[in-house]
Amino acid sequence: MTDREQYTPGPASGAQIQKDGEKWTLILVREMRHSPEKVWQALTDPAHLRAWAPFEADGSLGTVGTTVKLTTVGAPTPHVTETIVTRADAPKVLEYNWGDHDMRWELEAFGGRTRLTLWTNIGRRFISMGAAGWHICFDVLDRLLSGTPIGRIAGSDAMKFGWQRLNAEYAQQFGVAPPNWPPQAAQKS
C-alpha cells in the first residue's frame with residue numbers, strides 16, 4: 001500500500017470563521033515543520049503548487065503586480081481566473097485573489113518551523129467545504145515539504161480521502177448546516 005492509499009486526514013482542527021454579515025472569512029492555521037522560506041516557495045512556485053494546491057498557476061505568485069492565471073483542479077468544467085499578486089513580502093505575507101476569493105497567507109517563523117495562516121472569504125453555505133478541502137491540501141503540502149509527497153488531493157479526488165467526514169466536522173464546529181455535497185439524487189418512491 002502506498003503512502004497515498006494510507007493517508008487519512010486527522011480530525012477537523014485549526015480553523016475558525018469571522019462573520020461580517022453575509023461575508024464570512026475562513027481562517028486556517030497550521031504549523032509546518034519547515035522554514036518560512038521553504039513554505040513560501042511551495043506557496044508561490046508553479047511546480048510546487050501543482051503538487052498540493054487546488055489550482056494550477058501559469059507563473060510565480062511571488063512578485064507584486066504579476067498577473068497569473070489560476071486553473072481550478074478537479075472542477076466539473078475548466079475554471080480559469082486571472083489574478084494579480086497584490087502583496088508578496090517574502091517569506092512573510094502573500095495576497096492575491098482566486099476567483100471571487102481573497103487569499104491572504106501569513107508565515108510566522110518559530111524555532112525553525114512556520115506557523116502558516118490562510119485567510120479566505122467563502123460564502124457561508126460553502127465554508128465547511130472550504131475548510132475540509134484546505135485541511136487536506138495542507139496535509140499534502142506538509143508531506144511534500146517533508147520529502148514524502150503523496151500527490152495532490154483536490155476536487156472530487158478528495159471524496160476518497162475523508163473529505164465528507166471533515167466537511168461534517170467543520171460544519172458542526174462552525175454551527176452551520178453541512179451542505180448537501182455531492183448533491184444526492186432525489187429518492188424514487
# chains A, B, ... in the order shown; residues from 1 in each chain; ligands from 1
$ residues_around --residues "range 92-94 of chain A" --least-positions-apart "6" --cutoff "8 Å" --atoms "only C-alpha atoms" --output "PyMOL selection string"
chain A and resi 36+40+62+85-86+103-108
$ write_last_selection --atoms "N, CA and C atoms" --output "short mmCIF file (atom, residue, chain, number, x, y, z; two decimals), in the first residue's frame"
data_model
loop_
_atom_site.label_atom_id
_atom_site.label_comp_id
_atom_site.auth_asym_id
_atom_site.auth_seq_id
_atom_site.Cartn_x
_atom_site.Cartn_y
_atom_site.Cartn_z
N PRO A 36 10.10 29.20 6.96
CA PRO A 36 9.22 30.04 6.15
C PRO A 36 9.68 30.12 4.69
N TRP A 40 7.24 29.29 1.76
CA TRP A 40 7.00 30.36 0.78
C TRP A 40 7.15 29.83 -0.63
N GLY A 62 5.08 34.98 -6.56
CA GLY A 62 5.99 35.60 -5.61
C GLY A 62 6.34 37.05 -5.84
N VAL A 85 -1.05 39.52 -8.20
CA VAL A 85 -0.49 39.42 -6.85
C VAL A 85 -0.46 40.84 -6.27
N THR A 86 -1.17 41.04 -5.16
CA THR A 86 -1.27 42.38 -4.58
C THR A 86 -0.28 42.61 -3.44
N MET A 103 -7.35 35.87 -0.98
CA MET A 103 -6.44 34.93 -0.32
C MET A 103 -5.34 35.72 0.37
N ARG A 104 -5.16 35.47 1.66
CA ARG A 104 -4.06 36.10 2.41
C ARG A 104 -3.35 35.00 3.18
N TRP A 105 -2.08 34.82 2.89
CA TRP A 105 -1.24 33.83 3.55
C TRP A 105 -0.25 34.56 4.44
N GLU A 106 -0.13 34.14 5.70
CA GLU A 106 0.89 34.69 6.58
C GLU A 106 1.76 33.56 7.07
N LEU A 107 3.07 33.80 7.06
CA LEU A 107 4.04 32.82 7.51
C LEU A 107 4.80 33.42 8.67
N GLU A 108 4.75 32.74 9.81
CA GLU A 108 5.41 33.24 11.01
C GLU A 108 6.44 32.20 11.45
#
$ residues_around --residues "Ala15 in chain A" --least-positions-apart "6" --cutoff "9 Å" --atoms "only C-alpha atoms" --output "ChimeraX atom specification"
/A:26-30,131,135,170,173-174
$ closest_residue --among "A:Ser35, A:Thr120, A:Gln172, A:Thr66" --to "Ser146 in chain A" --atoms "only C-alpha atoms"
A:Ser35
$ select_by_dssp --residues "range 2-52 of chain A" --states "alpha helix (DSSP H)" --output "list in words"
Asp3, Arg4, Glu5, Gln6, Pro36, Glu37, Lys38, Val39, Trp40, Gln41, Ala42, Leu43, Thr44, Pro46, Ala47, His48, Leu49, Arg50, Ala51 and Trp52 of chain A
$ residues_around --residues "Val64 in chain A" --least-positions-apart "4" --cutoff "12 Å" --atoms "only C-alpha atoms" --output "PDB file with N, CA, C and O atoms, in the first residue's frame"
ATOM      1  N   THR A  44       4.300  29.803  -3.775  1.00  0.00           N
ATOM      2  CA  THR A  44       4.458  30.720  -4.902  1.00  0.00           C
ATOM      3  C   THR A  44       4.941  30.069  -6.193  1.00  0.00           C
ATOM      4  O   THR A  44       4.670  30.580  -7.272  1.00  0.00           O
ATOM      5  N   SER A  60       4.768  32.404 -11.389  1.00  0.00           N
ATOM      6  CA  SER A  60       5.048  32.537  -9.959  1.00  0.00           C
ATOM      7  C   SER A  60       4.117  33.551  -9.309  1.00  0.00           C
ATOM      8  O   SER A  60       3.799  34.589  -9.894  1.00  0.00           O
ATOM      9  N   VAL A  68      -1.246  36.290 -13.064  1.00  0.00           N
ATOM     10  CA  VAL A  68      -1.116  34.833 -13.162  1.00  0.00           C
ATOM     11  C   VAL A  68      -2.498  34.240 -13.410  1.00  0.00           C
ATOM     12  O   VAL A  68      -3.483  34.681 -12.812  1.00  0.00           O
ATOM     13  N   THR A  83      -5.432  36.485 -11.880  1.00  0.00           N
ATOM     14  CA  THR A  83      -5.226  37.205 -10.631  1.00  0.00           C
ATOM     15  C   THR A  83      -4.001  38.093 -10.760  1.00  0.00           C
ATOM     16  O   THR A  83      -3.120  37.822 -11.577  1.00  0.00           O
ATOM     17  N   ILE A  84      -3.965  39.114  -9.948  1.00  0.00           N
ATOM     18  CA  ILE A  84      -2.778  39.954  -9.831  1.00  0.00           C
ATOM     19  C   ILE A  84      -2.319  39.842  -8.388  1.00  0.00           C
ATOM     20  O   ILE A  84      -3.115  40.008  -7.459  1.00  0.00           O
ATOM     21  N   VAL A  85      -1.050  39.521  -8.197  1.00  0.00           N
ATOM     22  CA  VAL A  85      -0.495  39.423  -6.848  1.00  0.00           C
ATOM     23  C   VAL A  85      -0.456  40.837  -6.274  1.00  0.00           C
ATOM     24  O   VAL A  85       0.162  41.732  -6.851  1.00  0.00           O
ATOM     25  N   THR A  86      -1.175  41.043  -5.159  1.00  0.00           N
ATOM     26  CA  THR A  86      -1.275  42.384  -4.580  1.00  0.00           C
ATOM     27  C   THR A  86      -0.276  42.611  -3.440  1.00  0.00           C
ATOM     28  O   THR A  86       0.011  43.750  -3.090  1.00  0.00           O
ATOM     29  N   ARG A  87       0.241  41.511  -2.870  1.00  0.00           N
ATOM     30  CA  ARG A  87       1.257  41.644  -1.825  1.00  0.00           C
ATOM     31  C   ARG A  87       2.121  40.397  -1.840  1.00  0.00           C
ATOM     32  O   ARG A  87       1.605  39.281  -1.852  1.00  0.00           O
ATOM     33  N   ALA A  88       3.430  40.584  -1.837  1.00  0.00           N
ATOM     34  CA  ALA A  88       4.370  39.468  -1.801  1.00  0.00           C
ATOM     35  C   ALA A  88       5.579  39.912  -0.987  1.00  0.00           C
ATOM     36  O   ALA A  88       6.562  40.406  -1.517  1.00  0.00           O
ATOM     37  N   ASP A  89       5.471  39.783   0.314  1.00  0.00           N
ATOM     38  CA  ASP A  89       6.525  40.171   1.247  1.00  0.00           C
ATOM     39  C   ASP A  89       7.197  38.875   1.711  1.00  0.00           C
ATOM     40  O   ASP A  89       6.862  38.325   2.763  1.00  0.00           O
ATOM     41  N   ALA A  90       8.131  38.373   0.890  1.00  0.00           N
ATOM     42  CA  ALA A  90       8.762  37.073   1.156  1.00  0.00           C
ATOM     43  C   ALA A  90       9.621  37.117   2.406  1.00  0.00           C
ATOM     44  O   ALA A  90      10.321  38.090   2.617  1.00  0.00           O
ATOM     45  N   VAL A  93       4.219  37.442   3.958  1.00  0.00           N
ATOM     46  CA  VAL A  93       2.821  37.678   3.596  1.00  0.00           C
ATOM     47  C   VAL A  93       2.655  37.602   2.080  1.00  0.00           C
ATOM     48  O   VAL A  93       3.443  38.175   1.330  1.00  0.00           O
ATOM     49  N   LEU A  94       1.598  36.895   1.659  1.00  0.00           N
ATOM     50  CA  LEU A  94       1.267  36.763   0.244  1.00  0.00           C
ATOM     51  C   LEU A  94      -0.224  37.016   0.095  1.00  0.00           C
ATOM     52  O   LEU A  94      -1.023  36.420   0.828  1.00  0.00           O
ATOM     53  N   GLU A  95      -0.598  37.891  -0.842  1.00  0.00           N
ATOM     54  CA  GLU A  95      -2.016  38.182  -1.068  1.00  0.00           C
ATOM     55  C   GLU A  95      -2.320  38.209  -2.560  1.00  0.00           C
ATOM     56  O   GLU A  95      -1.549  38.782  -3.345  1.00  0.00           O
ATOM     57  N   TYR A  96      -3.439  37.597  -2.916  1.00  0.00           N
ATOM     58  CA  TYR A  96      -3.945  37.622  -4.279  1.00  0.00           C
ATOM     59  C   TYR A  96      -5.406  37.208  -4.215  1.00  0.00           C
ATOM     60  O   TYR A  96      -5.943  36.950  -3.139  1.00  0.00           O
TER      61      TYR A  96
END
$ closest_residue --among "A:Leu141, A:Ile122, A:Ile127, A:Ala57" --to "Glu31 in chain A" --atoms "only C-alpha atoms"
A:Leu141
$ closest_atom_pairs --of "range 81-163 of chain A" --to "range 47-53 of chain A" --cutoff "10 Å" --atoms "only C-alpha atoms" --output "JSON lines"
{"residue": "A:Gly133", "atom": "CA", "partner": "A:Ala53", "partner_atom": "CA", "distance": 9.8}
{"residue": "A:Trp134", "atom": "CA", "partner": "A:Ala53", "partner_atom": "CA", "distance": 8.5}
{"residue": "A:Ile136", "atom": "CA", "partner": "A:Trp52", "partner_atom": "CA", "distance": 9.1}
{"residue": "A:Cys137", "atom": "CA", "partner": "A:Trp52", "partner_atom": "CA", "distance": 5.8}
{"residue": "A:Phe138", "atom": "CA", "partner": "A:Trp52", "partner_atom": "CA", "distance": 7.7}
{"residue": "A:Asp139", "atom": "CA", "partner": "A:Trp52", "partner_atom": "CA", "distance": 8.7}
{"residue": "A:Val140", "atom": "CA", "partner": "A:Trp52", "partner_atom": "CA", "distance": 5.7}
{"residue": "A:Leu141", "atom": "CA", "partner": "A:Trp52", "partner_atom": "CA", "distance": 5.4}
{"residue": "A:Asp142", "atom": "CA", "partner": "A:Trp52", "partner_atom": "CA", "distance": 9.1}
{"residue": "A:Arg143", "atom": "CA", "partner": "A:Trp52", "partner_atom": "CA", "distance": 9.3}
{"residue": "A:Leu144", "atom": "CA", "partner": "A:Ala51", "partner_atom": "CA", "distance": 7.5}
{"residue": "A:Leu145", "atom": "CA", "partner": "A:His48", "partner_atom": "CA", "distance": 9.4}
{"residue": "A:Pro149", "atom": "CA", "partner": "A:Ala51", "partner_atom": "CA", "distance": 7.9}
{"residue": "A:Ile150", "atom": "CA", "partner": "A:Ala51", "partner_atom": "CA", "distance": 8.6}
{"residue": "A:Gly151", "atom": "CA", "partner": "A:Ala51", "partner_atom": "CA", "distance": 5.7}
{"residue": "A:Arg152", "atom": "CA", "partner": "A:Trp52", "partner_atom": "CA", "distance": 4.4}
{"residue": "A:Ile153", "atom": "CA", "partner": "A:Trp52", "partner_atom": "CA", "distance": 7.0}
{"residue": "A:Ala154", "atom": "CA", "partner": "A:Ala53", "partner_atom": "CA", "distance": 7.5}
$ write_last_selection --atoms "all heavy atoms" --output "compact mmCIF listing (two decimals), in the first residue's frame"
# COMPACT_ATOMS: atom_id res chain seq x y z
N GLY A 133 -11.52 21.03 2.41
CA GLY A 133 -10.62 20.97 1.26
C GLY A 133 -9.22 21.49 1.58
O GLY A 133 -8.22 20.85 1.27
N TRP A 134 -9.16 22.66 2.24
CA TRP A 134 -7.85 23.22 2.59
C TRP A 134 -7.14 22.36 3.63
O TRP A 134 -5.91 22.24 3.61
CB TRP A 134 -7.99 24.66 3.07
CG TRP A 134 -8.16 25.62 1.94
CD1 TRP A 134 -9.29 26.34 1.64
CD2 TRP A 134 -7.21 25.96 0.94
NE1 TRP A 134 -9.08 27.11 0.51
CE2 TRP A 134 -7.81 26.90 0.05
CE3 TRP A 134 -5.89 25.57 0.69
CZ2 TRP A 134 -7.13 27.43 -1.04
CZ3 TRP A 134 -5.22 26.10 -0.41
CH2 TRP A 134 -5.84 27.02 -1.25
N ILE A 136 -7.12 19.11 3.82
CA ILE A 136 -6.46 18.04 3.07
C ILE A 136 -5.27 18.61 2.28
O ILE A 136 -4.19 18.02 2.27
CB ILE A 136 -7.47 17.31 2.17
CG1 ILE A 136 -8.45 16.51 3.05
CG2 ILE A 136 -6.76 16.39 1.16
CD1 ILE A 136 -9.62 15.88 2.32
N CYS A 137 -5.46 19.77 1.64
CA CYS A 137 -4.35 20.39 0.89
C CYS A 137 -3.16 20.67 1.81
O CYS A 137 -2.01 20.44 1.42
CB CYS A 137 -4.80 21.68 0.22
SG CYS A 137 -5.88 21.42 -1.21
N PHE A 138 -3.42 21.16 3.02
CA PHE A 138 -2.32 21.44 3.96
C PHE A 138 -1.61 20.15 4.36
O PHE A 138 -0.40 20.13 4.52
CB PHE A 138 -2.85 22.15 5.21
CG PHE A 138 -3.09 23.63 5.03
CD1 PHE A 138 -3.04 24.24 3.79
CD2 PHE A 138 -3.39 24.41 6.13
CE1 PHE A 138 -3.26 25.60 3.64
CE2 PHE A 138 -3.60 25.78 6.00
CZ PHE A 138 -3.53 26.38 4.76
N ASP A 139 -2.36 19.05 4.54
CA ASP A 139 -1.73 17.75 4.84
C ASP A 139 -0.80 17.34 3.70
O ASP A 139 0.32 16.88 3.92
CB ASP A 139 -2.78 16.66 5.04
CG ASP A 139 -3.51 16.73 6.37
OD1 ASP A 139 -3.13 17.56 7.23
OD2 ASP A 139 -4.48 15.95 6.54
N VAL A 140 -1.29 17.49 2.46
CA VAL A 140 -0.49 17.13 1.29
C VAL A 140 0.75 18.02 1.21
O VAL A 140 1.86 17.55 0.93
CB VAL A 140 -1.34 17.21 0.00
CG1 VAL A 140 -0.48 17.00 -1.25
CG2 VAL A 140 -2.47 16.18 0.04
N LEU A 141 0.59 19.32 1.48
CA LEU A 141 1.71 20.26 1.48
C LEU A 141 2.76 19.85 2.51
O LEU A 141 3.96 19.82 2.22
CB LEU A 141 1.20 21.68 1.79
CG LEU A 141 2.28 22.74 2.03
CD1 LEU A 141 3.19 22.91 0.83
CD2 LEU A 141 1.61 24.07 2.41
N ASP A 142 2.33 19.51 3.72
CA ASP A 142 3.26 19.12 4.77
C ASP A 142 4.07 17.89 4.35
O ASP A 142 5.28 17.83 4.54
CB ASP A 142 2.51 18.85 6.08
CG ASP A 142 3.46 18.69 7.25
OD1 ASP A 142 4.34 19.56 7.44
OD2 ASP A 142 3.33 17.69 7.98
N ARG A 143 3.40 16.91 3.75
CA ARG A 143 4.11 15.71 3.29
C ARG A 143 5.07 16.03 2.15
O ARG A 143 6.18 15.50 2.09
CB ARG A 143 3.11 14.63 2.88
CG ARG A 143 2.49 13.94 4.09
CD ARG A 143 1.30 13.08 3.69
NE ARG A 143 0.82 12.25 4.77
CZ ARG A 143 0.13 12.69 5.81
NH1 ARG A 143 -0.15 13.96 5.94
NH2 ARG A 143 -0.28 11.85 6.75
N LEU A 144 4.67 16.92 1.24
CA LEU A 144 5.54 17.34 0.15
C LEU A 144 6.82 17.96 0.70
O LEU A 144 7.93 17.60 0.29
CB LEU A 144 4.80 18.34 -0.75
CG LEU A 144 5.64 19.01 -1.84
CD1 LEU A 144 6.00 18.00 -2.92
CD2 LEU A 144 4.88 20.19 -2.43
N LEU A 145 6.67 18.89 1.63
CA LEU A 145 7.83 19.58 2.20
C LEU A 145 8.71 18.65 3.03
O LEU A 145 9.90 18.90 3.19
CB LEU A 145 7.37 20.78 3.04
CG LEU A 145 6.69 21.91 2.27
CD1 LEU A 145 6.19 22.98 3.22
CD2 LEU A 145 7.64 22.50 1.23
N PRO A 149 6.08 13.04 -0.65
CA PRO A 149 4.87 13.51 -1.34
C PRO A 149 3.88 12.38 -1.59
O PRO A 149 4.27 11.24 -1.86
CB PRO A 149 5.41 14.07 -2.65
CG PRO A 149 6.72 13.39 -2.87
CD PRO A 149 7.27 13.10 -1.50
N ILE A 150 2.58 12.72 -1.48
CA ILE A 150 1.53 11.73 -1.76
C ILE A 150 0.70 12.16 -2.96
O ILE A 150 -0.23 11.47 -3.35
CB ILE A 150 0.62 11.47 -0.54
CG1 ILE A 150 -0.06 12.75 -0.05
CG2 ILE A 150 1.41 10.81 0.58
CD1 ILE A 150 -1.11 12.52 1.05
N GLY A 151 1.04 13.30 -3.57
CA GLY A 151 0.31 13.77 -4.74
C GLY A 151 -0.88 14.62 -4.34
O GLY A 151 -1.49 14.40 -3.30
N ARG A 152 -1.20 15.57 -5.20
CA ARG A 152 -2.29 16.49 -4.93
C ARG A 152 -3.61 15.72 -4.73
O ARG A 152 -3.89 14.78 -5.44
CB ARG A 152 -2.42 17.46 -6.10
CG ARG A 152 -3.65 18.33 -5.97
CD ARG A 152 -3.73 19.46 -6.94
NE ARG A 152 -3.27 19.18 -8.28
CZ ARG A 152 -2.79 20.11 -9.10
NH1 ARG A 152 -2.70 21.35 -8.71
NH2 ARG A 152 -2.42 19.79 -10.30
N ILE A 153 -4.39 16.16 -3.75
CA ILE A 153 -5.72 15.60 -3.49
C ILE A 153 -6.67 16.79 -3.47
O ILE A 153 -6.72 17.55 -2.51
CB ILE A 153 -5.78 14.84 -2.15
CG1 ILE A 153 -4.80 13.66 -2.15
CG2 ILE A 153 -7.20 14.37 -1.87
CD1 ILE A 153 -4.66 12.96 -0.81
N ALA A 154 -7.39 16.99 -4.58
CA ALA A 154 -8.28 18.14 -4.68
C ALA A 154 -9.49 17.76 -5.53
O ALA A 154 -9.48 16.73 -6.21
CB ALA A 154 -7.55 19.32 -5.31
$ residues_around --residues "Gly74 in chain A" --least-positions-apart "2" --cutoff "7 Å" --atoms "only C-alpha atoms" --output "PyMOL selection string"
chain A and resi 72+76+154-156
$ residues_around --residues "Gly10 in chain A" --least-positions-apart "3" --cutoff "12 Å" --atoms "only C-alpha atoms" --output "ChimeraX atom specification"
/A:7,13-14,132,135-136,138-139,161-163,165-166,169
$ write_last_selection --atoms "N, CA and C atoms" --output "PDB file, in the first residue's frame"
ATOM      1  N   TYR A   7      -3.183   7.450   3.493  1.00  0.00           N
ATOM      2  CA  TYR A   7      -3.489   8.772   4.025  1.00  0.00           C
ATOM      3  C   TYR A   7      -4.941   8.883   4.488  1.00  0.00           C
ATOM      4  N   SER A  13      -9.539  20.628  12.780  1.00  0.00           N
ATOM      5  CA  SER A  13      -8.907  21.471  13.801  1.00  0.00           C
ATOM      6  C   SER A  13      -8.192  22.624  13.125  1.00  0.00           C
ATOM      7  N   GLY A  14      -7.866  23.642  13.919  1.00  0.00           N
ATOM      8  CA  GLY A  14      -7.077  24.757  13.421  1.00  0.00           C
ATOM      9  C   GLY A  14      -7.825  25.723  12.533  1.00  0.00           C
ATOM     10  N   ALA A 132     -12.651  21.849   4.845  1.00  0.00           N
ATOM     11  CA  ALA A 132     -12.282  20.440   4.631  1.00  0.00           C
ATOM     12  C   ALA A 132     -11.279  20.314   3.490  1.00  0.00           C
ATOM     13  N   HIS A 135      -7.887  21.736   4.549  1.00  0.00           N
ATOM     14  CA  HIS A 135      -7.293  20.824   5.538  1.00  0.00           C
ATOM     15  C   HIS A 135      -6.491  19.739   4.815  1.00  0.00           C
ATOM     16  N   ILE A 136      -7.116  19.112   3.819  1.00  0.00           N
ATOM     17  CA  ILE A 136      -6.459  18.041   3.068  1.00  0.00           C
ATOM     18  C   ILE A 136      -5.275  18.608   2.280  1.00  0.00           C
ATOM     19  N   PHE A 138      -3.417  21.160   3.025  1.00  0.00           N
ATOM     20  CA  PHE A 138      -2.323  21.436   3.963  1.00  0.00           C
ATOM     21  C   PHE A 138      -1.611  20.147   4.362  1.00  0.00           C
ATOM     22  N   ASP A 139      -2.362  19.047   4.543  1.00  0.00           N
ATOM     23  CA  ASP A 139      -1.728  17.754   4.841  1.00  0.00           C
ATOM     24  C   ASP A 139      -0.802  17.343   3.704  1.00  0.00           C
ATOM     25  N   PHE A 161     -10.806  10.466   0.371  1.00  0.00           N
ATOM     26  CA  PHE A 161      -9.859  10.605   1.473  1.00  0.00           C
ATOM     27  C   PHE A 161     -10.454  11.283   2.708  1.00  0.00           C
ATOM     28  N   GLY A 162     -11.717  11.043   3.003  1.00  0.00           N
ATOM     29  CA  GLY A 162     -12.295  11.544   4.247  1.00  0.00           C
ATOM     30  C   GLY A 162     -12.824  12.960   4.204  1.00  0.00           C
ATOM     31  N   TRP A 163     -12.976  13.512   3.006  1.00  0.00           N
ATOM     32  CA  TRP A 163     -13.461  14.886   2.889  1.00  0.00           C
ATOM     33  C   TRP A 163     -14.859  15.049   3.490  1.00  0.00           C
ATOM     34  N   ARG A 165     -16.300  13.464   5.961  1.00  0.00           N
ATOM     35  CA  ARG A 165     -16.225  13.497   7.426  1.00  0.00           C
ATOM     36  C   ARG A 165     -15.722  14.857   7.888  1.00  0.00           C
ATOM     37  N   LEU A 166     -14.657  15.349   7.261  1.00  0.00           N
ATOM     38  CA  LEU A 166     -14.130  16.664   7.642  1.00  0.00           C
ATOM     39  C   LEU A 166     -15.164  17.759   7.429  1.00  0.00           C
ATOM     40  N   GLU A 169     -17.551  17.634  10.243  1.00  0.00           N
ATOM     41  CA  GLU A 169     -16.927  18.082  11.500  1.00  0.00           C
ATOM     42  C   GLU A 169     -16.768  19.604  11.520  1.00  0.00           C
TER      43      GLU A 169
END
$ select_by_dssp --residues "range 13-178 of chain A" --states "strand (DSSP E or B)" --output "PyMOL selection string"
chain A and resi 15-20+23-32+55-57+67-72+80-84+87-89+93-98+101-110+113-123
